[in-house]
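> query_9.cif is the file, holding mmCIF, N, CA and C atoms:
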```
data_data
loop_
_atom_site.label_atom_id
_atom_site.label_comp_id
_atom_site.auth_asym_id
_atom_site.auth_seq_id
_atom_site.Cartn_x
_atom_site.Cartn_y
_atom_site.Cartn_z
N MET A 1 100.50 101.40 138.79
CA MET A 1 99.47 101.79 137.86
C MET A 1 100.08 102.30 136.55
N ARG A 2 101.15 103.06 136.66
CA ARG A 2 101.79 103.62 135.47
C ARG A 2 102.38 102.52 134.59
N GLN A 3 102.98 101.50 135.20
CA GLN A 3 103.54 100.38 134.43
C GLN A 3 102.43 99.62 133.72
N GLN A 4 101.31 99.45 134.39
CA GLN A 4 100.16 98.77 133.80
C GLN A 4 99.68 99.52 132.56
N ARG A 5 99.60 100.83 132.66
CA ARG A 5 99.15 101.65 131.53
C ARG A 5 100.14 101.55 130.36
N ARG A 6 101.43 101.57 130.66
CA ARG A 6 102.45 101.46 129.62
C ARG A 6 102.36 100.11 128.92
N LYS A 7 102.14 99.06 129.69
CA LYS A 7 102.01 97.71 129.11
C LYS A 7 100.79 97.65 128.18
N ILE A 8 99.68 98.19 128.60
CA ILE A 8 98.47 98.20 127.77
C ILE A 8 98.69 99.04 126.51
N ASP A 9 99.33 100.20 126.66
CA ASP A 9 99.61 101.05 125.51
C ASP A 9 100.49 100.34 124.49
N GLN A 10 101.48 99.60 124.94
CA GLN A 10 102.36 98.86 124.03
C GLN A 10 101.61 97.70 123.38
N LEU A 11 100.80 97.02 124.14
CA LEU A 11 100.06 95.87 123.63
C LEU A 11 99.08 96.27 122.54
N PHE A 12 98.49 97.46 122.65
CA PHE A 12 97.48 97.89 121.70
C PHE A 12 97.90 99.15 120.94
N ASP A 13 99.15 99.18 120.51
CA ASP A 13 99.68 100.30 119.73
C ASP A 13 99.31 100.06 118.27
N TYR A 14 98.30 100.77 117.78
CA TYR A 14 97.77 100.51 116.45
C TYR A 14 98.32 101.43 115.36
N ARG A 15 99.43 102.12 115.65
CA ARG A 15 100.05 102.90 114.58
C ARG A 15 100.52 101.92 113.52
N TYR A 16 100.32 102.27 112.27
CA TYR A 16 100.66 101.37 111.17
C TYR A 16 102.09 100.89 111.26
N SER A 17 103.00 101.78 111.62
CA SER A 17 104.41 101.42 111.68
C SER A 17 104.70 100.39 112.76
N GLN A 18 103.79 100.20 113.70
CA GLN A 18 104.01 99.29 114.82
C GLN A 18 103.20 98.00 114.73
N LEU A 19 102.34 97.88 113.74
CA LEU A 19 101.41 96.75 113.71
C LEU A 19 102.10 95.39 113.69
N LEU A 20 103.17 95.23 112.93
CA LEU A 20 103.82 93.92 112.88
C LEU A 20 104.41 93.55 114.23
N ILE A 21 104.94 94.52 114.93
CA ILE A 21 105.47 94.27 116.27
C ILE A 21 104.34 93.94 117.23
N VAL A 22 103.22 94.65 117.10
CA VAL A 22 102.05 94.37 117.95
C VAL A 22 101.53 92.97 117.67
N PHE A 23 101.42 92.60 116.39
CA PHE A 23 100.96 91.24 116.06
C PHE A 23 101.89 90.19 116.64
N ALA A 24 103.20 90.41 116.51
CA ALA A 24 104.17 89.45 117.05
C ALA A 24 104.02 89.33 118.57
N GLY A 25 103.84 90.46 119.23
CA GLY A 25 103.65 90.43 120.68
C GLY A 25 102.38 89.69 121.08
N LEU A 26 101.32 89.90 120.33
CA LEU A 26 100.06 89.21 120.63
C LEU A 26 100.18 87.71 120.40
N ILE A 27 100.93 87.31 119.38
CA ILE A 27 101.17 85.88 119.15
C ILE A 27 101.99 85.31 120.29
N ARG A 28 103.06 86.01 120.66
CA ARG A 28 103.94 85.54 121.73
C ARG A 28 103.18 85.39 123.04
N GLN A 29 102.24 86.26 123.31
CA GLN A 29 101.49 86.23 124.56
C GLN A 29 100.27 85.33 124.51
N GLY A 30 100.01 84.72 123.35
CA GLY A 30 98.91 83.78 123.24
C GLY A 30 97.56 84.37 122.90
N TYR A 31 97.50 85.64 122.59
CA TYR A 31 96.23 86.28 122.25
C TYR A 31 95.85 86.11 120.77
N LEU A 32 96.82 85.72 119.95
CA LEU A 32 96.62 85.64 118.52
C LEU A 32 97.44 84.47 117.99
N GLU A 33 96.97 83.85 116.92
CA GLU A 33 97.71 82.79 116.26
C GLU A 33 98.11 83.27 114.87
N GLU A 34 99.26 82.82 114.42
CA GLU A 34 99.74 83.26 113.11
C GLU A 34 98.74 82.94 112.01
N SER A 35 98.01 81.86 112.15
CA SER A 35 97.03 81.49 111.13
C SER A 35 95.94 82.55 110.97
N GLN A 36 95.72 83.35 111.99
CA GLN A 36 94.72 84.40 111.92
C GLN A 36 95.19 85.60 111.09
N LEU A 37 96.45 85.59 110.70
CA LEU A 37 97.02 86.69 109.90
C LEU A 37 97.14 86.31 108.44
N SER A 38 96.32 85.39 107.98
CA SER A 38 96.42 84.88 106.62
C SER A 38 96.19 85.97 105.57
N GLY A 39 95.56 87.06 105.91
CA GLY A 39 95.33 88.14 104.96
C GLY A 39 96.55 89.02 104.72
N LEU A 40 97.57 88.88 105.58
CA LEU A 40 98.78 89.67 105.39
C LEU A 40 99.65 89.05 104.30
N SER A 41 100.44 89.87 103.67
CA SER A 41 101.35 89.36 102.65
C SER A 41 102.41 88.47 103.30
N GLU A 42 102.99 87.59 102.50
CA GLU A 42 103.99 86.67 103.02
C GLU A 42 105.20 87.42 103.58
N ASP A 43 105.60 88.52 102.98
CA ASP A 43 106.76 89.25 103.51
C ASP A 43 106.48 89.83 104.89
N LYS A 44 105.26 90.26 105.13
CA LYS A 44 104.91 90.78 106.45
C LYS A 44 104.84 89.65 107.48
N ARG A 45 104.30 88.51 107.09
CA ARG A 45 104.26 87.37 108.01
C ARG A 45 105.68 86.88 108.32
N GLU A 46 106.56 86.93 107.33
CA GLU A 46 107.95 86.54 107.55
C GLU A 46 108.64 87.50 108.52
N GLU A 47 108.34 88.77 108.40
CA GLU A 47 108.91 89.74 109.32
C GLU A 47 108.43 89.47 110.75
N ILE A 48 107.18 89.11 110.91
CA ILE A 48 106.65 88.75 112.23
C ILE A 48 107.38 87.52 112.75
N ARG A 49 107.60 86.52 111.90
CA ARG A 49 108.33 85.31 112.32
C ARG A 49 109.75 85.65 112.76
N ARG A 50 110.42 86.55 112.03
CA ARG A 50 111.78 86.96 112.40
C ARG A 50 111.77 87.64 113.77
N PHE A 51 110.79 88.49 113.99
CA PHE A 51 110.69 89.17 115.28
C PHE A 51 110.48 88.14 116.40
N LEU A 52 109.59 87.18 116.17
CA LEU A 52 109.34 86.15 117.18
C LEU A 52 110.59 85.31 117.44
N SER A 53 111.30 84.97 116.38
CA SER A 53 112.53 84.19 116.51
C SER A 53 113.59 84.97 117.28
N TRP A 54 113.75 86.25 116.93
CA TRP A 54 114.72 87.09 117.61
C TRP A 54 114.37 87.23 119.09
N HIS A 55 113.11 87.40 119.37
CA HIS A 55 112.67 87.58 120.75
C HIS A 55 112.87 86.29 121.55
N ALA A 56 112.68 85.15 120.92
CA ALA A 56 112.85 83.86 121.62
C ALA A 56 114.31 83.64 122.01
N LYS A 57 115.24 84.16 121.21
CA LYS A 57 116.67 84.01 121.50
C LYS A 57 117.12 84.94 122.61
N GLY A 58 116.44 86.07 122.75
CA GLY A 58 116.88 87.09 123.71
C GLY A 58 116.27 86.93 125.02
#
```
Can you present the structure in this file as structure tokens?


Amino acid sequence: MRQQRRKIDQLFDYRYSQLLIVFAGLIRQGYLEESQLSGLSEDKREEIRRFLSWHAKG
């Protein structure tokens, strides 16, 4: 139960400092598509892409 709660807390961590990581995680897990983030600046979308790329290698 505790692991489940931690997973949910990480998945929906809406602190501003964590949003790009949360978006990347949601994309990776299939809950969100990058095209849905069209309102974000290009530098923020690029940071999400770097996170996804780094995660795919690890």

> Do a neighbour search on Phe51 (chain A) at 8 Å with only N, CA and C atoms, toss out local chain neighbours closer than 5 positions, and write the hits as a list in words.

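Surrounding residues, per the criterion: Leu20, Ile21, Ala24, Gly25, Arg45, Glu46, Ala56 and Lys57 of chain A.
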
> Using backbone DSSP assignments, extract all alpha helix (DSSP H) residues from chain A; output them as number ranges by chain.

A: 2-11, 19-28, 42-57

> Tell me, in Å to one decimal, how far CA of Lys7 (chain A) is from atom N of Ser35 (chain A).

23.6 Å

> Would you work out the distance separating atom C of Leu40 (chain A) from CA of Gln18 (chain A), expressed in Å to one decimal?

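Result for atom C of Leu40 (chain A) versus CA of Gln18 (chain A): 15.3 Å, one decimal.
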
> Is it possible to add all heavy atoms to region 25-36 of chain A and hand it back as a compact mmCIF listing (two decimals), in the frame of the given file?


```txt
# COMPACT_ATOMS: atom_id res chain seq x y z
N GLY A 25 103.84 90.46 119.23
CA GLY A 25 103.65 90.43 120.68
C GLY A 25 102.38 89.69 121.08
O GLY A 25 102.37 88.93 122.05
N LEU A 26 101.32 89.90 120.33
CA LEU A 26 100.06 89.21 120.63
C LEU A 26 100.18 87.71 120.40
O LEU A 26 99.62 86.91 121.16
CB LEU A 26 98.92 89.80 119.79
CG LEU A 26 98.50 91.22 120.14
CD1 LEU A 26 97.53 91.77 119.10
CD2 LEU A 26 97.91 91.29 121.54
N ILE A 27 100.93 87.31 119.38
CA ILE A 27 101.17 85.88 119.15
C ILE A 27 101.99 85.31 120.29
O ILE A 27 101.66 84.26 120.85
CB ILE A 27 101.89 85.66 117.79
CG1 ILE A 27 100.95 85.98 116.64
CG2 ILE A 27 102.42 84.23 117.69
CD1 ILE A 27 101.62 86.02 115.27
N ARG A 28 103.06 86.01 120.66
CA ARG A 28 103.94 85.54 121.73
C ARG A 28 103.18 85.39 123.04
O ARG A 28 103.43 84.46 123.81
CB ARG A 28 105.10 86.53 121.89
CG ARG A 28 106.17 86.09 122.84
CD ARG A 28 107.36 87.01 122.84
NE ARG A 28 107.06 88.42 122.78
CZ ARG A 28 106.77 89.18 123.84
NH1 ARG A 28 106.74 88.67 125.03
NH2 ARG A 28 106.50 90.46 123.69
N GLN A 29 102.24 86.26 123.31
CA GLN A 29 101.49 86.23 124.56
C GLN A 29 100.27 85.33 124.51
O GLN A 29 99.55 85.19 125.49
CB GLN A 29 101.10 87.64 124.95
CG GLN A 29 102.31 88.50 125.26
CD GLN A 29 101.94 89.95 125.50
OE1 GLN A 29 100.79 90.29 125.76
NE2 GLN A 29 102.93 90.82 125.41
N GLY A 30 100.01 84.72 123.35
CA GLY A 30 98.91 83.78 123.24
C GLY A 30 97.56 84.37 122.90
O GLY A 30 96.55 83.66 122.92
N TYR A 31 97.50 85.64 122.59
CA TYR A 31 96.23 86.28 122.25
C TYR A 31 95.85 86.11 120.77
O TYR A 31 94.72 86.37 120.39
CB TYR A 31 96.27 87.79 122.54
CG TYR A 31 96.38 88.11 124.01
CD1 TYR A 31 97.55 88.64 124.53
CD2 TYR A 31 95.33 87.87 124.88
CE1 TYR A 31 97.67 88.94 125.87
CE2 TYR A 31 95.43 88.17 126.22
CZ TYR A 31 96.60 88.70 126.71
OH TYR A 31 96.71 89.00 128.04
N LEU A 32 96.82 85.72 119.95
CA LEU A 32 96.62 85.64 118.52
C LEU A 32 97.44 84.47 117.99
O LEU A 32 98.47 84.12 118.56
CB LEU A 32 97.13 86.96 117.89
CG LEU A 32 96.91 87.24 116.42
CD1 LEU A 32 95.42 87.38 116.14
CD2 LEU A 32 97.64 88.53 116.04
N GLU A 33 96.97 83.85 116.92
CA GLU A 33 97.71 82.79 116.26
C GLU A 33 98.11 83.27 114.87
O GLU A 33 97.38 84.03 114.24
CB GLU A 33 96.86 81.52 116.15
CG GLU A 33 96.56 80.90 117.50
CD GLU A 33 95.79 79.61 117.37
OE1 GLU A 33 95.80 79.00 116.28
OE2 GLU A 33 95.20 79.21 118.37
N GLU A 34 99.26 82.82 114.42
CA GLU A 34 99.74 83.26 113.11
C GLU A 34 98.74 82.94 112.01
O GLU A 34 98.58 83.71 111.06
CB GLU A 34 101.08 82.61 112.80
CG GLU A 34 101.69 83.15 111.54
CD GLU A 34 103.03 82.54 111.21
OE1 GLU A 34 103.68 81.98 112.10
OE2 GLU A 34 103.41 82.62 110.04
N SER A 35 98.01 81.86 112.15
CA SER A 35 97.03 81.49 111.13
C SER A 35 95.94 82.55 110.97
O SER A 35 95.33 82.66 109.91
CB SER A 35 96.40 80.14 111.46
OG SER A 35 95.70 80.21 112.69
N GLN A 36 95.72 83.35 111.99
CA GLN A 36 94.72 84.40 111.92
C GLN A 36 95.19 85.60 111.09
O GLN A 36 94.41 86.50 110.81
CB GLN A 36 94.34 84.87 113.32
CG GLN A 36 93.61 83.78 114.11
CD GLN A 36 93.39 84.18 115.54
OE1 GLN A 36 94.33 84.37 116.29
NE2 GLN A 36 92.12 84.33 115.90
```
